[in-house]
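**Student:** Just one file: entry24.tsv, with TSV, C-alpha atoms.
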```tsv
chain	number	residue	atom	x	y	z
H	1	MET	CA	54.22	-119.54	56.36
H	2	SER	CA	56.07	-117.25	53.94
H	3	LEU	CA	59.63	-116.10	54.66
H	4	GLY	CA	59.30	-113.03	52.45
H	5	SER	CA	61.60	-114.04	49.59
H	6	GLU	CA	62.21	-116.81	47.10
H	7	GLU	CA	65.49	-117.72	48.75
H	8	GLY	CA	63.77	-117.76	52.13
H	9	ASP	CA	61.07	-120.10	50.85
H	10	LYS	CA	63.79	-122.61	49.88
H	11	LEU	CA	64.68	-122.85	53.57
H	12	LYS	CA	61.19	-124.07	54.61
H	13	PRO	CA	62.03	-127.81	54.48
H	14	SER	CA	65.14	-127.31	56.55
H	15	LEU	CA	63.20	-125.23	59.08
H	16	ALA	CA	60.47	-127.88	59.32
H	17	LYS	CA	63.10	-130.56	59.88
H	18	MET	CA	64.78	-128.40	62.52
H	19	PHE	CA	61.46	-127.90	64.35
H	20	SER	CA	60.84	-131.70	64.25
H	21	VAL	CA	64.33	-132.46	65.61
H	22	MET	CA	63.89	-129.89	68.37
H	23	HIS	CA	60.50	-131.33	69.35
H	24	LYS	CA	61.74	-134.94	69.30
H	25	SER	CA	64.87	-134.06	71.30
H	26	VAL	CA	62.77	-132.36	73.96
H	27	SER	CA	60.56	-135.46	74.15
H	28	GLU	CA	63.56	-137.76	74.51
H	29	TYR	CA	65.17	-135.60	77.18
H	30	SER	CA	61.84	-135.45	79.05
H	31	LYS	CA	61.80	-139.27	79.18
H	32	ARG	CA	65.40	-139.28	80.37
H	33	MET	CA	64.59	-136.69	83.06
H	34	LEU	CA	61.68	-138.88	84.24
H	35	ALA	CA	63.93	-141.89	84.45
H	36	GLU	CA	66.73	-140.11	86.23
H	37	LEU	CA	64.98	-137.45	88.30
H	38	ARG	CA	61.49	-138.87	88.56
H	39	ARG	CA	60.04	-135.63	87.26
H	40	HIS	CA	57.47	-135.34	84.50
H	41	ASN	CA	57.81	-132.89	81.55
H	42	TYR	CA	54.89	-133.22	79.18
H	43	VAL	CA	55.58	-132.58	75.48
H	44	THR	CA	52.44	-132.17	73.39
H	45	PRO	CA	51.61	-131.04	69.82
H	46	THR	CA	50.59	-127.74	71.35
H	47	ASN	CA	54.21	-127.19	72.33
H	48	TYR	CA	55.22	-127.74	68.73
H	49	LEU	CA	52.67	-125.23	67.50
H	50	GLU	CA	53.81	-122.69	70.10
H	51	LEU	CA	57.41	-123.16	68.89
H	52	VAL	CA	56.35	-122.46	65.32
H	53	SER	CA	54.19	-119.50	66.40
H	54	GLY	CA	57.06	-118.02	68.47
H	55	TYR	CA	59.42	-118.39	65.55
H	56	LYS	CA	56.91	-116.65	63.25
H	57	LYS	CA	56.55	-113.77	65.73
H	58	LEU	CA	60.30	-113.46	66.13
H	59	LEU	CA	60.75	-113.61	62.35
H	60	PHE	CA	58.09	-110.89	61.88
H	61	ASP	CA	59.69	-108.62	64.52
H	62	LYS	CA	63.16	-109.05	63.07
H	63	LYS	CA	61.89	-108.44	59.55
H	64	ASN	CA	60.29	-105.19	60.73
H	65	GLU	CA	63.40	-104.22	62.66
H	66	LEU	CA	65.73	-104.98	59.79
H	67	GLY	CA	63.33	-103.39	57.31
H	68	GLY	CA	63.23	-100.16	59.34
H	69	ALA	CA	67.00	-100.19	59.65
H	70	ALA	CA	67.28	-100.78	55.90
H	71	ASP	CA	64.92	-97.88	55.22
H	72	LYS	CA	66.95	-95.66	57.52
H	73	LEU	CA	70.14	-96.79	55.85
H	74	ARG	CA	68.60	-96.16	52.44
H	75	ASN	CA	67.44	-92.69	53.45
H	76	GLY	CA	70.84	-91.94	54.96
H	77	LEU	CA	72.64	-93.06	51.81
H	78	SER	CA	70.25	-90.97	49.71
H	79	LYS	CA	70.90	-87.91	51.84
H	80	ILE	CA	74.63	-88.57	51.67
H	81	ASP	CA	74.39	-88.76	47.88
H	82	ASP	CA	72.37	-85.52	47.77
H	83	THR	CA	74.85	-83.87	50.09
H	84	ARG	CA	77.73	-85.07	47.93
H	85	GLN	CA	76.10	-83.55	44.85
H	86	LYS	CA	75.49	-80.30	46.69
H	87	VAL	CA	79.08	-80.28	47.96
H	88	GLU	CA	80.35	-80.78	44.41
H	89	LYS	CA	78.16	-77.94	43.18
H	90	MET	CA	79.25	-75.71	46.07
H	91	SER	CA	82.89	-76.62	45.35
H	92	ILE	CA	82.47	-75.36	41.78
H	93	GLU	CA	80.79	-72.18	43.04
H	94	LEU	CA	83.57	-71.79	45.61
H	95	GLU	CA	86.21	-71.96	42.90
H	96	ASP	CA	84.32	-69.31	40.90
H	97	ALA	CA	84.02	-67.18	44.04
H	98	LYS	CA	87.76	-67.57	44.71
H	99	THR	CA	88.49	-66.39	41.17
H	100	LYS	CA	86.21	-63.36	41.58
H	101	VAL	CA	87.69	-62.60	45.01
H	102	ALA	CA	91.19	-62.73	43.50
H	103	GLN	CA	90.09	-60.29	40.78
H	104	PHE	CA	88.46	-57.99	43.33
H	105	GLN	CA	91.58	-58.17	45.48
H	106	LYS	CA	93.71	-57.18	42.51
H	107	GLN	CA	91.39	-54.26	41.73
H	108	CYS	CA	91.46	-53.20	45.39
H	109	ASP	CA	95.26	-53.25	45.35
H	110	GLU	CA	95.28	-51.11	42.20
H	111	TYR	CA	92.76	-48.70	43.70
H	112	LEU	CA	94.81	-48.57	46.90
H	113	VAL	CA	97.90	-47.58	44.91
H	114	ILE	CA	95.89	-44.86	43.15
H	115	ILE	CA	94.44	-43.63	46.46
H	116	VAL	CA	97.88	-43.50	48.06
H	117	GLN	CA	99.22	-41.57	45.05
H	118	GLN	CA	96.29	-39.15	45.13
H	119	LYS	CA	96.71	-38.68	48.88
H	120	ARG	CA	100.41	-37.95	48.37
H	121	GLU	CA	99.56	-35.41	45.66
H	122	ALA	CA	96.85	-33.88	47.88
H	123	ASP	CA	99.34	-33.59	50.74
H	124	GLU	CA	101.85	-31.92	48.45
H	125	GLN	CA	99.18	-29.54	47.15
H	126	GLN	CA	98.09	-28.77	50.69
H	127	LYS	CA	101.69	-28.09	51.64
H	128	SER	CA	102.10	-25.87	48.57
H	129	VAL	CA	98.87	-24.02	49.39
H	130	ALA	CA	100.03	-23.53	52.97
H	131	GLN	CA	103.36	-22.12	51.74
H	132	LYS	CA	101.55	-19.84	49.27
H	133	GLY	CA	99.23	-18.78	52.07
H	134	GLU	CA	102.23	-17.87	54.21
H	135	ARG	CA	103.76	-15.91	51.32
H	136	ILE	CA	100.43	-14.17	50.66
H	137	ALA	CA	100.18	-13.29	54.36
H	138	GLU	CA	103.70	-11.88	54.20
H	139	GLU	CA	102.84	-9.92	51.05
H	140	GLU	CA	99.66	-8.65	52.70
H	141	THR	CA	101.73	-7.53	55.67
H	142	LYS	CA	104.20	-5.77	53.35
H	143	CYS	CA	101.38	-4.21	51.32
H	144	GLN	CA	99.67	-3.03	54.47
H	145	HIS	CA	102.97	-1.58	55.66
H	146	MET	CA	103.44	0.19	52.31
H	147	ALA	CA	99.84	1.43	52.47
H	148	ASP	CA	100.44	2.72	55.99
H	149	LEU	CA	103.62	4.47	54.82
H	150	ALA	CA	101.80	5.94	51.81
H	151	GLN	CA	98.95	7.10	54.04
H	152	HIS	CA	101.48	8.60	56.42
H	153	ASP	CA	103.20	10.41	53.55
H	154	LEU	CA	99.82	11.54	52.26
H	155	ASP	CA	98.81	12.81	55.69
H	156	GLU	CA	102.07	14.74	55.86
H	157	ALA	CA	101.66	16.09	52.30
H	158	LEU	CA	98.02	17.18	52.63
H	159	PRO	CA	98.69	20.30	54.78
H	160	THR	CA	101.29	21.47	52.29
H	161	LEU	CA	98.85	20.74	49.50
H	162	GLN	CA	96.17	22.78	51.20
H	163	GLU	CA	98.58	25.68	51.47
H	164	ALA	CA	99.42	25.28	47.79
H	165	ILE	CA	95.73	25.27	46.89
H	166	ALA	CA	95.17	28.41	48.92
H	167	ALA	CA	98.10	30.06	47.17
H	168	LEU	CA	96.79	28.86	43.79
H	169	GLU	CA	93.34	30.27	44.43
H	170	SER	CA	94.91	33.60	45.30
H	171	LEU	CA	96.37	33.86	41.82
H	172	ASN	CA	94.83	36.57	39.62
H	173	LYS	CA	94.87	37.36	35.92
H	174	LYS	CA	97.97	39.50	36.31
H	175	ASP	CA	99.88	36.57	37.81
H	176	MET	CA	98.77	34.34	34.95
H	177	THR	CA	99.88	36.93	32.39
H	178	GLU	CA	103.26	37.16	34.09
H	179	ILE	CA	103.72	33.37	34.00
H	180	LYS	CA	102.75	33.23	30.31
H	181	SER	CA	105.31	35.91	29.48
H	182	TYR	CA	108.19	33.66	30.53
H	183	GLY	CA	110.11	32.22	27.62
H	184	ARG	CA	111.97	29.98	30.04
H	185	PRO	CA	110.39	30.13	33.51
H	186	PRO	CA	112.28	29.61	36.77
H	187	LEU	CA	112.91	25.97	37.62
H	188	LEU	CA	110.39	25.81	40.45
H	189	VAL	CA	107.68	27.42	38.32
H	190	GLU	CA	108.41	24.93	35.54
H	191	LYS	CA	108.24	22.00	37.97
H	192	VAL	CA	104.92	23.22	39.37
H	193	MET	CA	103.43	23.56	35.90
H	194	GLU	CA	104.68	20.10	34.90
H	195	ALA	CA	103.02	18.71	38.05
H	196	VAL	CA	99.77	20.43	37.09
H	197	MET	CA	99.98	18.86	33.61
H	198	ILE	CA	100.48	15.44	35.18
H	199	LEU	CA	97.41	15.89	37.34
H	200	ARG	CA	95.40	17.00	34.31
H	201	GLY	CA	96.59	14.02	32.27
H	202	SER	CA	98.41	16.24	29.74
H	203	GLU	CA	101.97	16.20	28.47
H	204	PRO	CA	104.17	17.38	31.38
H	205	THR	CA	106.07	20.11	29.47
H	206	TRP	CA	106.33	23.90	29.77
H	207	ALA	CA	105.15	24.28	26.18
H	208	GLU	CA	101.88	22.41	26.92
H	209	ALA	CA	101.40	24.32	30.16
H	210	LYS	CA	101.95	27.66	28.38
H	211	ARG	CA	99.50	26.62	25.66
H	212	GLN	CA	96.79	25.81	28.20
H	213	LEU	CA	97.49	29.07	30.07
H	214	GLY	CA	96.91	30.94	26.82
H	215	SER	CA	93.69	29.06	26.02
H	216	GLY	CA	92.26	29.25	29.53
H	217	GLY	CA	92.78	25.54	30.25
H	218	GLU	CA	92.16	22.29	28.37
H	219	ASN	CA	88.48	21.83	27.40
H	220	GLY	CA	87.67	25.23	28.91
H	221	LEU	CA	88.64	24.10	32.43
H	222	PRO	CA	90.80	26.37	34.62
H	223	LEU	CA	94.22	24.95	35.39
H	224	TRP	CA	93.35	24.41	39.04
H	225	ARG	CA	90.32	22.28	38.09
H	226	LEU	CA	91.01	18.64	37.08
H	227	PRO	CA	89.00	16.60	34.55
H	228	ASN	CA	85.89	14.69	35.71
H	229	GLY	CA	85.12	17.44	38.26
H	230	ARG	CA	88.05	16.63	40.59
H	231	CYS	CA	89.90	19.42	42.35
H	232	LEU	CA	93.64	19.64	42.90
H	233	HIS	CA	93.26	18.89	46.58
H	234	VAL	CA	91.65	15.48	45.82
H	235	LEU	CA	94.89	13.61	45.08
H	236	HIS	CA	95.65	9.91	45.04
H	237	GLY	CA	98.76	8.67	46.82
H	238	ALA	CA	100.08	7.22	43.55
H	239	LEU	CA	99.91	10.66	41.86
H	240	LEU	CA	101.84	12.16	44.75
H	241	VAL	CA	104.50	9.50	44.33
H	242	GLN	CA	104.68	10.26	40.59
H	243	LEU	CA	105.02	13.98	41.34
H	244	GLN	CA	107.72	13.31	43.91
H	245	ARG	CA	109.67	11.22	41.40
H	246	ARG	CA	109.51	14.04	38.82
H	247	THR	CA	110.13	17.02	41.09
H	248	GLY	CA	112.05	15.47	43.97
H	249	PRO	CA	110.91	15.32	47.60
H	250	GLU	CA	112.86	18.46	48.54
H	251	GLU	CA	111.13	20.48	45.84
H	252	MET	CA	107.72	19.06	46.82
H	253	ASP	CA	108.36	20.25	50.34
```
Give the structure from the file, written as C-alpha cells.

**Tutor:**
Amino acid sequence: MSLGSEEGDKLKPSLAKMFSVMHKSVSEYSKRMLAELRRHNYVTPTNYLELVSGYKKLLFDKKNELGGAADKLRNGLSKIDDTRQKVEKMSIELEDAKTKVAQFQKQCDEYLVIIVQQKREADEQQKSVAQKGERIAEEETKCQHMADLAQHDLDEALPTLQEAIAALESLNKKDMTEIKSYGRPPLLVEKVMEAVMILRGSEPTWAEAKRQLGSGGENGLPLWRLPNGRCLHVLHGALLVQLQRRTGPEEMD
C-alpha cells in the first residue's frame, strides 16, 4: 500500500505496528469478555484484512477530499492573485482617469466663466437693442408726425398753388415784357421770381430771373416749366418748406 508521498511511506512500519496492536488488543478483550460475560467474539485474520482495507478506503476518500479542497484552494488563490493584478492595473487607470477628470473639470470651469461672460454681454446687447428699438420707435412716431404735418401743410398749400398756376398760365407776352422792364421790381414780384428760380434749380436772384425772362427760359424751357418735364404744380414738401423759409409764410399765403 502506498501513502502517496515519501514522508507517508516512512509511516508504513508504524501503521503496521498499530494495526497489529489493535488486532491483538481486540483478541485479548474478546477472551476477557468470554471469561467475564460468557459471550464469544471471534477475531480472525479476515478481521485484520478488513481493518486494513477500511483504512485504505478511508485514506483514499480523504486524499480525494483533501486533494479537491487543495485544488479549490489553489484555484481560489490563483483567482485572487489575478484579481489583485487587475485591481492594481485598474487603480493605475483610475488615477489616470482622475487626472483627466480634474483637467476636464478645470476646462469646464473656464468654459463656464466664458459662457457666463458671454451671456452677460448678450444680455447687455439685448438691453441696448431694446433701448435703441424704443428710441427708433419714438423717432418713427416723431417722423410720422412731422410727415403728417408736412402733408397737412402741403394739402393746405396745394389749392393756393393751383390758383397761382392758373394765374401764371394767364400771363401773356405783354406781362412778361412789363416784368422785364423793372430795374428793381416790387418786393412780392421779386420773391415770386426767386421762388421760381429755386424750383428751376437756378440762382435765386432777380438778375438771374431777368436773364431767363429775356432768353425765354433756361435751356429753352418756359419759366413755368421745370427741368426733367416737371410742372410747377408738382412740388415736393421740402421745396415748399424751402420757399416758405425764403419768402415767409405770410407772403406764401

**Student:** Which residues come within 12 Å of Val189 in chain H, counting only C-alpha atoms, excluding same-chain residues fewer than 4 positions away, as a list in words?

**Tutor:** Met176, Glu178, Ile179, Lys180, Tyr182, Gly183, Arg184, Pro185, Met193, Glu194, Ala195, Val196, Thr205, Trp206, Ala209, Lys210, Thr247, Glu251 and Met252 of chain H

**Student:** Can you measure CA of Asp175 in chain H to CA of Glu203 in chain H for me? One decimal in Å is fine.

**Tutor:** 22.5 Å

**Student:** Could you state the separation of CA of Thr141 in chain H and CA of Ala157 in chain H in Å, given to one decimal place?

**Tutor:**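 CA of Ala157 in chain H lies 23.9 Å from CA of Thr141 in chain H.
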